[in-house]
Amino acid sequence: MTIPTDEFIIPGLPAEAEIVIDRWGIPHIRSSTEAGAFFAQGFNAARDRLWQMDTWRKRGLGLLAGDLGAAYVERDQAARLLLYRGDMAAEWAEYGPDAQAWTTAFAAGINAYVDLVARDPARLPLEFRLLGTQPAHWSPEDIVRCRTHARVRNLDAEVTRNNIVARFGIEADRFHKLLEPAWTVVVPEGWAAEPIPPEVMRAYLLATEPNAIGTGTPSEPVALDNQGSNNWALAPSRTTTGRAILASDPHRVHEQPSLRYIAHLSAPGLDVIGAGEPAVPGVSLGHNDVLAFSLTIHPTDQEDLYVYELHPEDAELYRYGEGWERMRQVVEHIAVRGEAPRAVTLRFTRHGPVLHHDATRNRAYALRSVWQLPGTAAYLASLNYLKARNFEDYAKALEGWGAPSTNHVVADVAGNIGWAAAGMVPIRPSWDGLLPVPGDGRHEWAGIMRSSGLPRATNPPAGWLGTANQMNLPPGYDHATRKTGFEWTDGARFARLSEALSGERRWSIAETLGLQSDVTCIPARRLCALLARLSDAHPAWAMLAGWDHRLTAESGPAALFEIWFAKHLVPGVMRDLSPEGLPALVAVPDTQLILHILEGDEHVARRDPLLRTTLVAAWEEAVGLLGPDPVQWAWGRLHQGYFEHPLSRFAPALAARLDVGPAPRGGSNLTINNNGWRAKDFRVISGVSWRMVLDVGDWDASVTINSPGQSGDPDSPHYRDLFARWARDEYVPLLFTRAAVDDAAERRIILRAG
């Protein structure tokens, strides 16, 4: 069969390249040199995702106002505060010996496609035409200087805790976040019991919000818990194949186009396939010819808020030690569509960018973050492990991994499996990182820990290892000295994973896929056990008493439970058991903490009436939403997957063309099949969109999915072709060998030098 082929003559191409697009939209890139492969990767990513990538760059560099107008000046100013401004030689060195050359080739490939669009305007993506804008050229430094495309932790928790403790006292923080390992917050020397003004978090969120197309106001918060991930590896002794199996499904906010993009790069000495973000070279999750790799977030504390006393006569001076230091000012000019550029002043202290400067109160607030250190561009350090041959190589490469902090799970063709935590972790000798500190010199970082100082394990006796953002510091880890962090994601997903993988059962690829799609809810089981102690004739009790605690899309009890737990019980606990006024300070309650409170003995007398009243209220809401006959109730009637394009709200006539969905979904953010939803309409807004399960060694037996599709072009057949499969928890082949790829080829693109 003849495969449609496009050929392009590209000035500056390092080496001829071929891009084979398979029937699922996955590009398989081949070149005679590594530079040629990465150039072609950049060219191809721009071919499929140009507007998304251009927006990524402009948001990260603070260049949106030039395209979108004056409403984005404040966003641009905030973004520029958090750019990397350090030494570029040190920066490149952290990502490995090939990183600068590969990233330079990748950026050149993007620019080659931008130039092609300029020569052939018919190729200009729809979004540029709607907005009346044009794509810009890239420099390789643009890719690394943008720090904010993956959040680090824990500024928002510090601010929330500060405001709780300042108003209600240290004891009240137990209604904010469950601390693990068990820990009592230590109030730092010099901490002042005064609220942190909202302008601090406003600036931070304007700089870090992933979807910046909208208004000048940060959107409603999405819990970072909803943006976790799962990964696990099974040793050959635990599989039916006799080979290792690796499963990976990272979770983030749902958007269209998808956050991730699958690609395959082949050149002499390099053969790697998997997923990454389209604007980042290489892949972060996938495999080479001998080693499979995956990652999840390891919730390390990588940032601190510093509070400064300003000089009463000169607000540009802040107290430090026995004297005063002057803030460094940088004046930058922000281009604004339709008007002259605006000059803005960025302030920096010795600790970092000033998020808020309040001369009237003689206070300033600066962020100290690992982002200011070399090597913390999100996921770029994955370039250093693409050629790893075993766990030892991989672990060595992780020494340069800065941010975000991650759990890496790997498996090789020899049957070895391993886990390592990675990330740059500040060493805080004088405080625990849980509250802001005065910036007067009493609380300084004493260096950083790298991956070699963090936990890791290989080939455990149980025959498996995995992570789901849970507290996973091993017994005996000196957390009081090596303070990596105390704020972890709800452990429900990992509890279910551990339950399923306990014992000696052998798992097939198909059964592993089923576990990725598992919707058993451990918190539901625990709460239904509490309900079982109470006798009540209300029909809600009977419905939940006979339920299997699975949040399937077809389940009526699942609908009742989710309405009850998220919309009635959690807010009810915060309202009735915590100090009056405290719930208003906690944007996203900690579900793990809520369960801990309900299962404890302290509030039993108030707990049981609360369980009753909230469940009855949830039943009434379910009747209003789903009708009077509970036999007709189904979680998927409410809980639906929907990928919204950022521009569809501005062009409603195009929404059907730009948006993808809806489709019923099971699960929640507390099930392995992670599908977090928003309260106002139950829409799935976060969780799983990309998955893979790898048969380590028989690579062509591996599978993947990327919803809604690989392409960001609404007219492409690969814009939404994977959505229905994703909604049904189905997969497509992740082909690796040349013969298998060629058999599945749908289209070829040839790049020749000219």
# chains A, B, ... in the order shown; residues from 1 in each chain; ligands from 1
>>> closest_atom_pairs(of="range 256-309 of chain A", to="range 435-441 of chain A", cutoff="10 Å", atoms="only C-alpha atoms", output="JSON lines")
{"residue": "A:Asp304", "atom": "CA", "partner": "A:Pro436", "partner_atom": "CA", "distance": 6.5}
{"residue": "A:Leu305", "atom": "CA", "partner": "A:Pro436", "partner_atom": "CA", "distance": 4.9}
{"residue": "A:Tyr306", "atom": "CA", "partner": "A:Gly439", "partner_atom": "CA", "distance": 5.0}
{"residue": "A:Val307", "atom": "CA", "partner": "A:Pro438", "partner_atom": "CA", "distance": 4.7}
{"residue": "A:Tyr308", "atom": "CA", "partner": "A:Gly439", "partner_atom": "CA", "distance": 5.2}
{"residue": "A:Glu309", "atom": "CA", "partner": "A:Gly439", "partner_atom": "CA", "distance": 8.0}
>>> select_by_dssp(residues="range 289-529 of chain A", states="helix (DSSP H, G or I)", output="PyMOL selection string")
chain A and resi 370-372+380-385+391-400+451-453+492-501+509-516+522-529
>>> atom_distance(atom1="CA of Arg260 in chain A", atom2="CA of Ile213 in chain A")
18.6 Å
>>> residues_around(residues="Ser707 in chain A", least_positions_apart="5", cutoff="6 Å", atoms="only C-alpha atoms", output="PyMOL selection string")
chain A and resi 689+722-723
>>> closest_residue(among="A:Gln372, A:Trp232, A:Glu255, A:Phe8", to="Met88 in chain A", atoms="only C-alpha atoms")
A:Gln372
>>> select_by_dssp(residues="range 645-690 of chain A", states="strand (DSSP E or B)", output="compact mmCIF listing (two decimals) with all heavy atoms, in the first residue's frame")
# COMPACT_ATOMS: atom_id res chain seq x y z
N VAL A 660 -13.97 18.71 23.13
CA VAL A 660 -14.16 17.27 22.92
C VAL A 660 -14.88 16.70 24.13
O VAL A 660 -14.44 16.85 25.26
CB VAL A 660 -12.82 16.54 22.71
CG1 VAL A 660 -13.07 15.05 22.46
CG2 VAL A 660 -12.04 17.16 21.55
N GLY A 661 -16.00 16.03 23.90
CA GLY A 661 -16.80 15.43 24.95
C GLY A 661 -18.24 15.86 24.81
O GLY A 661 -18.62 16.54 23.84
N PRO A 662 -19.08 15.47 25.77
CA PRO A 662 -18.76 14.74 27.00
C PRO A 662 -18.85 13.23 26.81
O PRO A 662 -19.31 12.74 25.79
CB PRO A 662 -19.86 15.22 27.96
CG PRO A 662 -21.05 15.42 27.04
CD PRO A 662 -20.49 15.92 25.74
N ALA A 663 -18.41 12.50 27.85
CA ALA A 663 -18.56 11.06 27.93
C ALA A 663 -18.56 10.65 29.39
O ALA A 663 -17.81 11.21 30.19
CB ALA A 663 -17.42 10.35 27.19
N PRO A 664 -19.41 9.70 29.78
CA PRO A 664 -19.47 9.28 31.18
C PRO A 664 -18.13 8.71 31.65
O PRO A 664 -17.46 7.99 30.92
CB PRO A 664 -20.56 8.20 31.19
CG PRO A 664 -21.34 8.42 29.93
CD PRO A 664 -20.37 8.98 28.94
N SER A 668 -12.81 8.86 40.79
CA SER A 668 -12.69 10.19 41.38
C SER A 668 -11.20 10.44 41.55
O SER A 668 -10.37 9.63 41.12
CB SER A 668 -13.40 10.25 42.74
OG SER A 668 -12.64 9.56 43.74
N ASN A 674 -7.93 7.93 38.19
CA ASN A 674 -8.08 9.26 38.78
C ASN A 674 -8.85 10.17 37.83
O ASN A 674 -8.39 10.47 36.73
CB ASN A 674 -6.69 9.83 39.07
CG ASN A 674 -6.73 11.16 39.80
OD1 ASN A 674 -7.67 11.93 39.69
ND2 ASN A 674 -5.68 11.44 40.55
N ASN A 675 -10.03 10.60 38.27
CA ASN A 675 -10.86 11.52 37.50
C ASN A 675 -11.46 12.55 38.45
O ASN A 675 -12.59 12.42 38.90
CB ASN A 675 -11.97 10.76 36.76
CG ASN A 675 -11.43 9.88 35.65
OD1 ASN A 675 -11.10 10.35 34.57
ND2 ASN A 675 -11.34 8.58 35.92
N GLY A 676 -10.66 13.57 38.77
CA GLY A 676 -11.12 14.61 39.67
C GLY A 676 -12.16 15.51 39.02
O GLY A 676 -12.09 15.79 37.82
N TRP A 677 -13.11 15.99 39.81
CA TRP A 677 -14.23 16.75 39.24
C TRP A 677 -14.46 18.04 40.02
O TRP A 677 -14.03 18.19 41.14
CB TRP A 677 -15.50 15.91 39.20
CG TRP A 677 -15.87 15.23 40.49
CD1 TRP A 677 -15.43 14.03 40.97
CD2 TRP A 677 -16.79 15.72 41.49
NE1 TRP A 677 -15.99 13.74 42.19
CE2 TRP A 677 -16.85 14.75 42.53
CE3 TRP A 677 -17.58 16.87 41.59
CZ2 TRP A 677 -17.66 14.91 43.66
CZ3 TRP A 677 -18.39 17.03 42.72
CH2 TRP A 677 -18.42 16.05 43.73
N ARG A 683 -18.11 18.09 36.26
CA ARG A 683 -17.25 17.83 35.10
C ARG A 683 -15.89 17.34 35.55
O ARG A 683 -15.29 17.88 36.48
CB ARG A 683 -17.09 19.08 34.25
CG ARG A 683 -16.16 18.85 33.05
CD ARG A 683 -15.85 20.13 32.29
NE ARG A 683 -16.99 20.58 31.52
CZ ARG A 683 -16.97 21.67 30.74
NH1 ARG A 683 -15.86 22.40 30.67
NH2 ARG A 683 -18.04 22.02 30.07
N VAL A 684 -15.38 16.33 34.87
CA VAL A 684 -14.02 15.86 35.13
C VAL A 684 -13.05 16.92 34.61
O VAL A 684 -13.06 17.25 33.42
CB VAL A 684 -13.76 14.50 34.44
CG1 VAL A 684 -12.31 14.07 34.65
CG2 VAL A 684 -14.72 13.44 34.98
N ILE A 685 -12.23 17.45 35.49
CA ILE A 685 -11.32 18.53 35.10
C ILE A 685 -9.86 18.18 35.32
O ILE A 685 -8.97 18.96 34.96
CB ILE A 685 -11.64 19.83 35.86
CG1 ILE A 685 -11.57 19.61 37.37
CG2 ILE A 685 -13.00 20.37 35.44
CD1 ILE A 685 -11.61 20.90 38.17
N SER A 686 -9.60 17.02 35.92
CA SER A 686 -8.21 16.65 36.18
C SER A 686 -8.11 15.15 36.33
O SER A 686 -9.10 14.44 36.47
CB SER A 686 -7.69 17.33 37.45
OG SER A 686 -8.42 16.87 38.58
N GLY A 687 -6.88 14.67 36.29
CA GLY A 687 -6.64 13.25 36.45
C GLY A 687 -5.94 12.66 35.25
O GLY A 687 -5.11 13.30 34.62
N VAL A 688 -6.30 11.44 34.93
CA VAL A 688 -5.60 10.70 33.88
C VAL A 688 -6.05 11.16 32.50
O VAL A 688 -7.23 11.34 32.23
CB VAL A 688 -5.83 9.19 34.05
CG1 VAL A 688 -7.30 8.83 33.91
CG2 VAL A 688 -5.00 8.39 33.07
N TRP A 690 -3.23 10.55 29.84
CA TRP A 690 -2.25 9.72 29.14
C TRP A 690 -1.87 8.55 30.04
O TRP A 690 -1.73 8.70 31.25
CB TRP A 690 -0.99 10.53 28.80
CG TRP A 690 0.09 9.66 28.20
CD1 TRP A 690 0.22 9.31 26.90
CD2 TRP A 690 1.16 9.02 28.90
NE1 TRP A 690 1.30 8.48 26.73
CE2 TRP A 690 1.90 8.28 27.95
CE3 TRP A 690 1.56 8.99 30.22
CZ2 TRP A 690 3.02 7.54 28.28
CZ3 TRP A 690 2.68 8.24 30.56
CH2 TRP A 690 3.40 7.54 29.60
>>> residues_around(residues="range 20-34 of chain A", least_positions_apart="5", cutoff="9 Å", atoms="only C-alpha atoms", output="ChimeraX atom specification")
/A:14-15,39-41,44,102,105,261-270,273,709-711,717-719,721-722,732-736,741-750
>>> residues_around(residues="range 651-657 of chain A", least_positions_apart="5", cutoff="12 Å", atoms="only C-alpha atoms", output="list in words")
Leu126, Glu127, Leu130, Leu131, Gln256, Tyr642, Phe643, Glu644, His645, Pro646, Pro662, Gly712, Asp713, Pro714, Asp715, Ser716, Tyr719 and Arg720 of chain A
